[in-house]
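Source file: target.cif; contents: mmCIF, C-alpha atoms (C1' of nucleotides).
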data_data
#
loop_
_atom_site.label_atom_id
_atom_site.label_comp_id
_atom_site.auth_asym_id
_atom_site.auth_seq_id
_atom_site.Cartn_x
_atom_site.Cartn_y
_atom_site.Cartn_z
CA MET A 1 -29.75 12.43 -20.16
CA GLN A 2 -32.80 10.23 -20.26
CA SER A 3 -32.85 8.72 -16.77
CA ILE A 4 -34.68 5.47 -16.28
CA GLN A 5 -37.31 4.58 -13.72
CA LEU A 6 -37.67 1.31 -11.85
CA SER A 7 -40.67 0.01 -9.96
CA GLU A 8 -40.17 -1.15 -6.39
CA ALA A 9 -40.66 -4.72 -7.58
CA GLN A 10 -37.91 -4.24 -10.15
CA LYS A 11 -35.53 -2.76 -7.60
CA ASP A 12 -36.15 -5.69 -5.30
CA LEU A 13 -35.63 -8.21 -8.07
CA ILE A 14 -32.37 -6.53 -9.11
CA GLU A 15 -31.07 -6.80 -5.56
CA ARG A 16 -32.02 -10.46 -5.28
CA CYS A 17 -30.53 -11.39 -8.64
CA GLY A 18 -27.51 -9.34 -7.63
CA VAL A 19 -27.06 -11.45 -4.52
CA PHE A 20 -27.22 -14.56 -6.66
CA PHE A 21 -24.44 -13.31 -8.91
CA GLU A 22 -22.37 -12.26 -5.90
CA GLN A 23 -22.69 -15.81 -4.61
CA THR A 24 -21.14 -17.04 -7.82
CA GLY A 25 -18.11 -14.84 -7.10
CA MET A 26 -19.02 -11.72 -9.07
CA PRO A 27 -18.35 -8.33 -7.39
CA PRO A 28 -21.36 -6.30 -6.17
CA ALA A 29 -21.37 -3.57 -8.82
CA GLU A 30 -20.99 -6.03 -11.69
CA SER A 31 -23.69 -8.22 -10.21
CA ARG A 32 -26.15 -5.35 -10.09
CA ILE A 33 -25.38 -4.25 -13.63
CA MET A 34 -25.97 -7.80 -14.86
CA SER A 35 -29.29 -7.86 -13.05
CA LEU A 36 -30.35 -4.40 -14.13
CA LEU A 37 -29.88 -5.24 -17.80
CA VAL A 38 -32.30 -8.17 -17.69
CA VAL A 39 -34.88 -6.63 -15.36
CA CYS A 40 -35.42 -3.10 -16.63
CA ASP A 41 -37.89 -2.31 -19.37
CA GLU A 42 -35.25 -0.74 -21.64
CA LEU A 43 -33.37 -3.21 -23.82
CA GLU A 44 -30.20 -1.17 -23.77
CA LEU A 45 -28.74 1.31 -21.31
CA THR A 46 -25.96 3.87 -21.55
CA PHE A 47 -23.02 4.26 -19.19
CA ASP A 48 -24.68 7.19 -17.45
CA GLN A 49 -28.06 5.53 -17.13
CA VAL A 50 -26.42 2.59 -15.40
CA ARG A 51 -24.38 4.90 -13.19
CA GLU A 52 -27.38 6.98 -12.18
CA VAL A 53 -29.91 4.27 -11.50
CA LEU A 54 -27.47 2.12 -9.54
CA MET A 55 -25.98 5.13 -7.73
CA ILE A 56 -22.35 4.18 -8.24
CA SER A 57 -19.38 6.34 -9.19
CA LYS A 58 -18.09 6.80 -12.72
CA SER A 59 -14.92 4.84 -12.01
CA ALA A 60 -16.83 1.93 -10.48
CA THR A 61 -19.18 1.96 -13.46
CA SER A 62 -16.30 2.09 -15.91
CA ASN A 63 -14.39 -0.79 -14.31
CA ALA A 64 -17.45 -2.95 -13.81
CA ILE A 65 -18.61 -2.47 -17.40
CA ASN A 66 -15.18 -3.22 -18.82
CA ASN A 67 -14.85 -6.36 -16.71
CA LEU A 68 -18.28 -7.54 -17.84
CA LEU A 69 -17.34 -6.83 -21.46
CA MET A 70 -14.12 -8.81 -21.12
CA ALA A 71 -15.95 -11.68 -19.46
CA GLN A 72 -18.42 -11.61 -22.37
CA GLN A 73 -21.29 -11.11 -19.95
CA ILE A 74 -22.53 -7.95 -21.67
CA THR A 75 -22.17 -6.39 -25.11
CA TYR A 76 -22.77 -2.97 -26.55
CA ARG A 77 -23.78 -1.45 -29.80
CA THR A 78 -23.25 2.04 -31.10
CA ARG A 79 -25.44 4.33 -33.16
CA LEU A 80 -24.44 6.45 -36.11
CA GLY A 81 -23.66 9.99 -35.05
CA ASP A 82 -23.75 9.07 -31.36
CA ARG A 83 -20.68 8.62 -29.19
CA LYS A 84 -22.46 6.76 -26.45
CA ARG A 85 -22.36 2.99 -26.10
CA TYR A 86 -25.60 1.10 -25.55
CA PHE A 87 -25.09 -1.90 -23.31
CA THR A 88 -27.16 -5.06 -23.33
CA SER A 89 -27.06 -8.23 -21.31
CA ASN A 90 -25.43 -11.15 -23.04
CA ILE A 91 -27.50 -13.63 -21.09
CA LEU A 92 -29.53 -14.42 -24.18
CA ASN A 93 -26.38 -15.64 -25.91
CA TRP A 94 -26.51 -18.37 -23.31
CA GLU A 95 -25.58 -21.11 -25.76
CA GLU A 96 -22.06 -19.71 -26.06
CA ASN A 97 -21.91 -18.96 -22.36
CA MET A 98 -22.89 -22.48 -21.48
CA VAL A 99 -20.14 -23.89 -23.68
CA ILE A 100 -17.62 -21.68 -21.87
CA GLU A 101 -18.90 -22.74 -18.45
CA LEU A 102 -18.74 -26.39 -19.43
CA GLN A 103 -15.16 -26.00 -20.59
CA LYS A 104 -14.33 -24.58 -17.18
CA LEU A 105 -16.06 -27.53 -15.54
CA PHE A 106 -14.12 -30.01 -17.61
CA ARG A 107 -10.79 -28.48 -16.65
CA ILE A 108 -11.23 -30.31 -13.36
CA THR A 109 -11.51 -33.56 -15.29
CA ASN A 110 -8.07 -33.06 -16.77
CA LEU A 111 -6.61 -32.29 -13.37
CA LEU A 112 -8.28 -35.34 -11.90
CA LYS A 113 -6.77 -37.46 -14.66
CA GLU A 114 -3.36 -36.24 -13.58
CA VAL A 115 -4.21 -37.06 -9.99
CA HIS A 116 -5.38 -40.52 -11.02
CA ALA A 117 -2.24 -41.16 -13.04
CA GLN A 118 0.11 -40.32 -10.17
CA ARG A 119 -1.75 -42.11 -7.37
CA THR A 120 -0.10 -44.92 -5.47
CA PRO A 121 -1.31 -48.30 -6.76
CA GLU A 122 -1.92 -49.38 -3.14
CA THR A 123 -5.32 -47.71 -2.82
CA VAL A 124 -7.23 -49.80 -5.34
CA LYS A 125 -10.76 -48.93 -4.31
CA PHE A 126 -10.11 -45.20 -4.08
CA ASN A 127 -8.40 -45.21 -7.47
CA ASN A 128 -11.30 -47.07 -9.03
CA GLN A 129 -13.84 -44.64 -7.63
CA LEU A 130 -11.77 -41.73 -8.89
CA GLY A 131 -11.60 -43.39 -12.30
CA SER A 132 -15.33 -43.84 -12.22
CA PHE A 133 -15.89 -40.15 -11.52
CA ILE A 134 -13.60 -39.22 -14.38
CA GLY A 135 -15.55 -41.60 -16.57
CA PHE A 136 -18.81 -39.92 -15.74
CA MET A 137 -17.39 -36.47 -16.45
CA GLU A 138 -16.24 -37.66 -19.85
CA TYR A 139 -19.62 -39.23 -20.48
CA LEU A 140 -21.25 -35.89 -19.67
CA HIS A 141 -18.78 -34.13 -21.92
CA ASP A 142 -19.92 -36.30 -24.81
CA GLU A 143 -23.61 -36.39 -24.03
CA LEU A 144 -24.40 -32.79 -23.12
CA PRO A 145 -23.96 -31.47 -26.66
CA LYS A 146 -26.31 -34.22 -27.86
CA LEU A 147 -28.84 -33.24 -25.23
CA PHE A 148 -28.65 -29.69 -26.48
CA GLN A 149 -29.29 -30.82 -30.05
CA GLN A 150 -32.26 -32.89 -28.93
CA TRP A 151 -33.74 -29.88 -27.24
CA GLN A 152 -33.27 -27.76 -30.34
CA HIS A 153 -34.95 -30.47 -32.39
CA LYS A 154 -37.83 -30.67 -29.95
CA LYS A 155 -38.32 -26.93 -30.27
CA ASN A 156 -37.93 -26.82 -34.08
CA PRO A 157 -38.96 -30.26 -35.38
CA GLN A 158 -38.66 -29.20 -39.04
CA ILE A 159 -34.85 -28.97 -38.89
CA MET B 1 3.02 -37.85 15.13
CA GLN B 2 3.39 -39.74 11.89
CA SER B 3 4.25 -36.98 9.43
CA ILE B 4 3.56 -37.59 5.78
CA GLN B 5 5.88 -37.19 2.81
CA LEU B 6 5.01 -35.81 -0.60
CA SER B 7 6.95 -36.14 -3.82
CA GLU B 8 7.74 -32.99 -5.76
CA ALA B 9 5.21 -34.06 -8.37
CA GLN B 10 2.56 -34.39 -5.69
CA LYS B 11 3.37 -30.97 -4.22
CA ASP B 12 3.08 -29.42 -7.65
CA LEU B 13 -0.20 -31.16 -8.36
CA ILE B 14 -1.62 -30.03 -5.01
CA GLU B 15 -0.76 -26.43 -5.84
CA ARG B 16 -2.33 -26.63 -9.29
CA CYS B 17 -5.50 -28.30 -8.05
CA GLY B 18 -5.52 -25.71 -5.27
CA VAL B 19 -5.52 -22.90 -7.80
CA PHE B 20 -8.43 -24.55 -9.56
CA PHE B 21 -10.47 -24.64 -6.35
CA GLU B 22 -9.51 -21.04 -5.58
CA GLN B 23 -10.86 -20.07 -8.96
CA THR B 24 -14.20 -21.56 -8.00
CA GLY B 25 -14.27 -19.20 -5.00
CA MET B 26 -12.79 -21.44 -2.31
CA PRO B 27 -10.23 -19.86 0.08
CA PRO B 28 -6.56 -20.87 -0.31
CA ALA B 29 -6.19 -23.06 2.79
CA GLU B 30 -9.41 -24.95 2.09
CA SER B 31 -8.40 -25.39 -1.53
CA ARG B 32 -5.09 -26.96 -0.57
CA ILE B 33 -6.68 -29.29 1.96
CA MET B 34 -9.16 -30.45 -0.67
CA SER B 35 -6.30 -31.12 -3.07
CA LEU B 36 -4.05 -32.79 -0.50
CA LEU B 37 -6.72 -35.31 0.40
CA VAL B 38 -7.05 -36.61 -3.17
CA VAL B 39 -3.39 -36.45 -4.12
CA CYS B 40 -1.52 -37.93 -1.16
CA ASP B 41 -0.95 -41.65 -0.82
CA GLU B 42 -2.68 -41.84 2.55
CA LEU B 43 -6.46 -42.29 2.38
CA GLU B 44 -7.03 -40.35 5.58
CA LEU B 45 -5.10 -37.65 7.38
CA THR B 46 -5.28 -36.21 10.88
CA PHE B 47 -5.59 -32.55 11.81
CA ASP B 48 -1.90 -32.35 12.63
CA GLN B 49 -0.76 -34.14 9.50
CA VAL B 50 -2.70 -31.63 7.41
CA ARG B 51 -1.33 -28.73 9.44
CA GLU B 52 2.24 -29.91 9.19
CA VAL B 53 2.42 -30.83 5.53
CA LEU B 54 0.62 -27.68 4.37
CA MET B 55 2.52 -25.48 6.83
CA ILE B 56 -0.50 -23.58 8.14
CA SER B 57 -1.39 -22.58 11.69
CA LYS B 58 -3.66 -24.53 14.00
CA SER B 59 -6.37 -21.89 13.80
CA ALA B 60 -6.29 -21.77 10.00
CA THR B 61 -6.40 -25.58 9.91
CA SER B 62 -9.27 -25.70 12.37
CA ASN B 63 -11.37 -23.13 10.53
CA ALA B 64 -10.66 -24.55 7.09
CA ILE B 65 -11.49 -28.10 8.16
CA ASN B 66 -14.71 -27.04 9.84
CA ASN B 67 -15.79 -25.05 6.79
CA LEU B 68 -15.07 -28.01 4.52
CA LEU B 69 -17.03 -30.29 6.86
CA MET B 70 -20.01 -27.92 6.83
CA ALA B 71 -19.85 -27.65 3.05
CA GLN B 72 -19.81 -31.47 2.89
CA GLN B 73 -16.57 -31.39 0.96
CA ILE B 74 -14.74 -33.64 3.42
CA THR B 75 -15.75 -36.18 6.08
CA TYR B 76 -13.99 -37.84 8.95
CA ARG B 77 -14.10 -41.07 10.80
CA THR B 78 -12.91 -41.91 14.28
CA ARG B 79 -11.26 -45.00 15.72
CA LEU B 80 -12.05 -46.76 18.94
CA GLY B 81 -9.76 -45.59 21.72
CA ASP B 82 -8.38 -42.73 19.61
CA ARG B 83 -9.41 -39.11 20.01
CA LYS B 84 -8.09 -38.00 16.65
CA ARG B 85 -10.32 -37.49 13.65
CA TYR B 86 -9.27 -39.00 10.33
CA PHE B 87 -10.29 -36.80 7.45
CA THR B 88 -11.05 -37.96 3.93
CA SER B 89 -12.05 -36.17 0.76
CA ASN B 90 -15.72 -36.37 -0.06
CA ILE B 91 -15.01 -36.02 -3.76
CA LEU B 92 -15.87 -39.66 -4.31
CA ASN B 93 -19.39 -39.00 -3.04
CA TRP B 94 -19.68 -36.93 -6.17
CA GLU B 95 -23.19 -38.11 -6.97
CA GLU B 96 -24.54 -36.18 -3.98
CA ASN B 97 -22.27 -33.26 -4.64
CA MET B 98 -23.44 -33.01 -8.21
CA VAL B 99 -27.07 -32.93 -7.11
CA ILE B 100 -26.24 -30.05 -4.75
CA GLU B 101 -24.39 -28.13 -7.49
CA LEU B 102 -27.28 -28.62 -9.89
CA GLN B 103 -29.74 -27.31 -7.32
CA LYS B 104 -27.60 -24.18 -7.02
CA LEU B 105 -27.59 -23.85 -10.79
CA PHE B 106 -31.34 -24.15 -10.98
CA ARG B 107 -31.85 -21.42 -8.42
CA ILE B 108 -31.06 -19.02 -11.25
CA THR B 109 -33.89 -20.56 -13.25
CA ASN B 110 -36.37 -19.62 -10.57
CA LEU B 111 -35.05 -16.08 -10.44
CA LEU B 112 -35.21 -15.82 -14.21
CA LYS B 113 -38.83 -16.95 -14.09
CA GLU B 114 -39.56 -14.05 -11.79
CA VAL B 115 -37.74 -11.72 -14.14
CA HIS B 116 -39.70 -13.10 -17.07
CA ALA B 117 -43.00 -12.70 -15.24
CA GLN B 118 -42.41 -9.04 -14.43
CA ARG B 119 -41.03 -7.92 -17.80
CA THR B 120 -42.77 -5.28 -19.84
CA PRO B 121 -44.83 -6.89 -22.63
CA GLU B 122 -43.29 -4.40 -25.08
CA THR B 123 -40.06 -6.33 -25.62
CA VAL B 124 -41.50 -9.39 -27.30
CA LYS B 125 -38.32 -10.84 -28.80
CA PHE B 126 -36.27 -10.41 -25.64
CA ASN B 127 -39.02 -11.99 -23.56
CA ASN B 128 -39.26 -14.93 -25.94
CA GLN B 129 -35.52 -15.51 -25.82
CA LEU B 130 -35.58 -15.33 -22.05
CA GLY B 131 -38.44 -17.81 -22.03
CA SER B 132 -36.46 -20.07 -24.32
CA PHE B 133 -33.48 -20.02 -21.97
CA ILE B 134 -35.72 -20.88 -19.04
CA GLY B 135 -37.16 -23.69 -21.13
CA PHE B 136 -33.73 -25.15 -21.78
CA MET B 137 -32.79 -24.98 -18.11
CA GLU B 138 -35.96 -26.87 -17.22
CA TYR B 139 -35.24 -29.40 -19.95
CA LEU B 140 -31.78 -29.93 -18.45
CA HIS B 141 -33.31 -30.24 -15.02
CA ASP B 142 -35.46 -33.11 -16.26
CA GLU B 143 -32.92 -34.80 -18.52
CA LEU B 144 -29.75 -34.74 -16.45
CA PRO B 145 -31.01 -37.30 -13.91
CA LYS B 146 -31.96 -39.56 -16.84
CA LEU B 147 -28.50 -39.14 -18.30
CA PHE B 148 -27.05 -40.16 -14.98
CA GLN B 149 -29.18 -43.29 -14.91
CA GLN B 150 -28.16 -44.17 -18.45
CA TRP B 151 -24.55 -43.93 -17.45
CA GLN B 152 -25.07 -46.17 -14.44
CA HIS B 153 -26.82 -48.66 -16.68
CA LYS B 154 -24.01 -48.56 -19.19
CA LYS B 155 -21.54 -49.28 -16.41
CA ASN B 156 -23.65 -52.03 -14.77
CA PRO B 157 -25.84 -53.52 -17.51
CA GLN B 158 -27.20 -56.23 -15.21
CA ILE B 159 -29.23 -53.76 -13.14
"C1'" DA C 1 -2.74 -33.46 40.73
"C1'" DA C 2 -0.09 -32.30 36.71
"C1'" DT C 3 0.64 -32.94 31.89
"C1'" DT C 4 -0.48 -34.13 27.28
"C1'" DT C 5 -3.57 -34.41 23.41
"C1'" DG C 6 -6.56 -32.67 20.07
"C1'" DG C 7 -8.25 -29.33 19.03
"C1'" DT C 8 -11.30 -24.26 19.41
"C1'" DT C 9 -11.68 -19.42 20.04
"C1'" DC C 10 -9.96 -14.73 20.42
"C1'" DT C 11 -7.14 -10.87 19.05
"C1'" DG C 12 -4.43 -8.57 15.93
"C1'" DT C 13 -2.00 -8.10 11.39
"C1'" DT C 14 -1.58 -8.32 6.65
"C1'" DA C 15 -3.38 -8.44 2.19
"C1'" DA C 16 -6.76 -8.07 -1.08
"C1'" DT C 17 -11.19 -6.20 -2.84
"C1'" DC C 18 -14.16 -2.75 -4.04
"C1'" DC C 19 -15.34 1.63 -4.14
"C1'" DT C 20 -15.19 7.06 -4.31
"C1'" DG C 21 -13.61 11.40 -5.93
"C1'" DA C 22 -10.62 13.96 -8.64
"C1'" DA C 23 -7.74 14.58 -12.32
"C1'" DC C 24 -7.31 13.64 -16.83
"C1'" DC C 25 -8.07 12.90 -21.96
"C1'" DA C 26 -9.63 12.78 -26.86
"C1'" DA C 27 -13.38 13.75 -29.88
"C1'" DA C 28 -17.19 16.58 -30.86
"C1'" DA C 29 -19.91 20.75 -30.35
"C1'" DA C 30 -20.51 25.59 -29.51
"C1'" DT D 1 -10.82 28.50 -28.91
"C1'" DT D 2 -13.49 27.05 -25.22
"C1'" DT D 3 -16.83 23.86 -23.48
"C1'" DT D 4 -19.22 19.62 -23.30
"C1'" DT D 5 -19.55 14.70 -23.70
"C1'" DG D 6 -18.29 10.16 -22.72
"C1'" DG D 7 -15.73 8.15 -20.65
"C1'" DT D 8 -10.54 6.32 -18.37
"C1'" DT D 9 -7.00 6.38 -15.01
"C1'" DC D 10 -4.96 7.41 -10.63
"C1'" DA D 11 -4.62 8.04 -5.66
"C1'" DG D 12 -6.34 7.02 -1.72
"C1'" DG D 13 -10.05 4.97 1.80
"C1'" DA D 14 -13.16 1.60 3.71
"C1'" DT D 15 -14.42 -2.92 4.10
"C1'" DT D 16 -13.68 -7.66 4.11
"C1'" DA D 17 -10.99 -11.96 3.91
"C1'" DA D 18 -7.46 -14.92 5.43
"C1'" DC D 19 -4.16 -16.04 8.31
"C1'" DA D 20 -0.77 -16.31 12.58
"C1'" DG D 21 -0.07 -16.67 17.36
"C1'" DA D 22 -1.53 -17.19 21.82
"C1'" DA D 23 -4.70 -18.21 25.16
"C1'" DC D 24 -7.83 -21.43 26.26
"C1'" DC D 25 -10.51 -25.84 27.16
"C1'" DA D 26 -12.20 -30.61 28.05
"C1'" DA D 27 -10.95 -35.31 27.98
"C1'" DA D 28 -7.48 -38.57 28.62
"C1'" DT D 29 -3.06 -39.90 30.39
"C1'" DT D 30 0.64 -39.99 33.69
#
Would you write the structure of this file as structure tokens?
Amino acid sequence: MQSIQLSEAQKDLIERCGVFFEQTGMPPAESRIMSLLVVCDELELTFDQVREVLMISKSATSNAINNLLMAQQITYRTRLGDRKRYFTSNILNWEENMVIELQKLFRITNLLKEVHAQRTPETVKFNNQLGSFIGFMEYLHDELPKLFQQWQHKKNPQI
Amino acid sequence: MQSIQLSEAQKDLIERCGVFFEQTGMPPAESRIMSLLVVCDELELTFDQVREVLMISKSATSNAINNLLMAQQITYRTRLGDRKRYFTSNILNWEENMVIELQKLFRITNLLKEVHAQRTPETVKFNNQLGSFIGFMEYLHDELPKLFQQWQHKKNPQI
DNA sequence: AATTTGGTTCTGTTAATCCTGAACCAAAAA
DNA sequence: TTTTTGGTTCAGGATTAACAGAACCAAATT
């Protein structure tokens, strides 16, 4: 098995990115795998390369990888005549990811609409402020896709 | 102690909003307090009202409230000649909150810049895509405040 | 001075998370 | 047919999180 090497700087960066992902609620092993796949020189790593360089057990590696696959955070490809899977970070498919994250964010808007609808009419100011917040969320929901298109156009003016 | 009443619809809504907050990484008790304070008819609740209606212990209430205060998710006011604190949701100060959330989001941009800076020059396409992602995050960082201003202007055209 | 109020802090329990190591398995290779 | 490869699944173990209950405390009230 071709084991991979990391510089001290890379190891440090993986740990720090790992902490970031942990702070977003991702478990430690998954967080490090995410980080490893963007930091290391190799574009794709096998199960065993991940396991070895991160020094985690096979079962932890298996579960973490499968969770990341299900969460669409990583992908893999295969090669003809080779049973191994070659895993890559999905961070560069960030357009899709961002859409998913935004959908999550806007779930709160729907809940807040329910809250707004059931509130006592007594608290006029509170209700108005809540309505205003909901309004802004809906504004964002409409405008963010446009912002994305503008950015694409700025990058590729010919389109 | 003036204990508060909730309709069945309100109880259900509190649980569902609570689950939403839990999914963002907030502990159960804190999640329910957050939800209670936007759903219930009263604009402000005391320590004991929260404790009683949510059926949690004094210590759990104390810790949850103090965590929410530190995280700026709730606030309280006091009344002259009254030792109790009256807690309110800070969700309507969402402008500030959104700025804080965005700062968190952009912490990943800084990490990704470090990743980009240390990457092997061999992987040209990957590096370019990473650079492109960073570019979009920085674009968002610049444009989101403008979007917010546009919305305010749309709401209050006289300003 | 004793009690009540409005909490905080400490200790212990339960429950959940995250991991290891071992057993296991199917497909491929020897 | 046996062994190796590339994993998965299962049975615990360690750590951490979240809460309850009780003791505690200072300020105010009686």
Closest to DT17 of chain C among A:Gly25, A:Gln5, A:Asn66, A:Phe20, using only C-alpha atoms (C1' of nucleotides)?
-> A:Gly25
Test item: residues at most 12 Å from DT9 of chain D, all atoms listed in the file, excluding those fewer than 4 positions along its chain, as a PyMOL selection string | (chain A and resi 58-60+62-63) or (chain C and resi 22-25)
Could you state which residues are captured by the PyMOL selection byres ((chain B and resi 125-127) around 12) in this file, as a ChimeraX atom specification?
-> /A:37-44,88-93 /B:112-124,128-134
Point-to-point distance in Å for atom CA of Arg32 of chain A and atom CA of Ser57 of chain A |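 Pair atom CA of Ser57 of chain A / atom CA of Arg32 of chain A returns 13.5 Å.
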Given the file shown, determine the residues that the PyMOL selection byres ((chain D) within 12 of (chain A)) selects; report them as a VMD selection string.
-> chain D and resid 5 to 10
Option closest in space to chain B, from C:DG6, C:DA1, C:DA28, C:DT13 [counting all atoms listed in the file] |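 Residue with the minimum atom-to-atom distance to chain B: C:DG6.
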Neighbour list for DC24 of chain D as a list in words, cut-off 12 Å, all atoms listed in the file, skip fewer than 3 positions in-chain |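 With the cut-off at 12 Å, the set is DG7, DT8, DT9 and DC10 of chain C.
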Do a neighbour search on DT29 of chain D at 9 Å with all atoms listed in the file, toss out local chain neighbours closer than 6 positions, and write the hits as a list in words.
->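 So, after excluding close chain neighbours, the residues are DT3, DT4 and DT5 of chain C.
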Between atom CA of Phe87 of chain B and atom CA of Leu36 of chain B, distance in Å (one decimal) = 10.9 Å
Running the PyMOL selection byres ((chain D and resi 13-15) around 9) on this model by hand, what would come out? Give it as a CSV table (one decimal) with C-alpha atoms (C1' of nucleotides), in the frame of the given file.
chain,number,residue,atom,x,y,z
C,17,DT,C1',-11.2,-6.2,-2.8
C,18,DC,C1',-14.2,-2.8,-4.0
C,19,DC,C1',-15.3,1.6,-4.1
C,20,DT,C1',-15.2,7.1,-4.3
D,12,DG,C1',-6.3,7.0,-1.7
D,16,DT,C1',-13.7,-7.7,4.1
Could you give me, as a PyMOL selection string, the residues within 9 Å of DA18 of chain D, counting all atoms listed in the file and dropping anything in the same chain fewer than 3 positions from it?
-> (chain B and resi 27-29+60) or (chain C and resi 14-15)
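Coordinates place atom CA of Lys155 of chain B at a distance of 19.6 Å from atom CA of Val99 of chain B.
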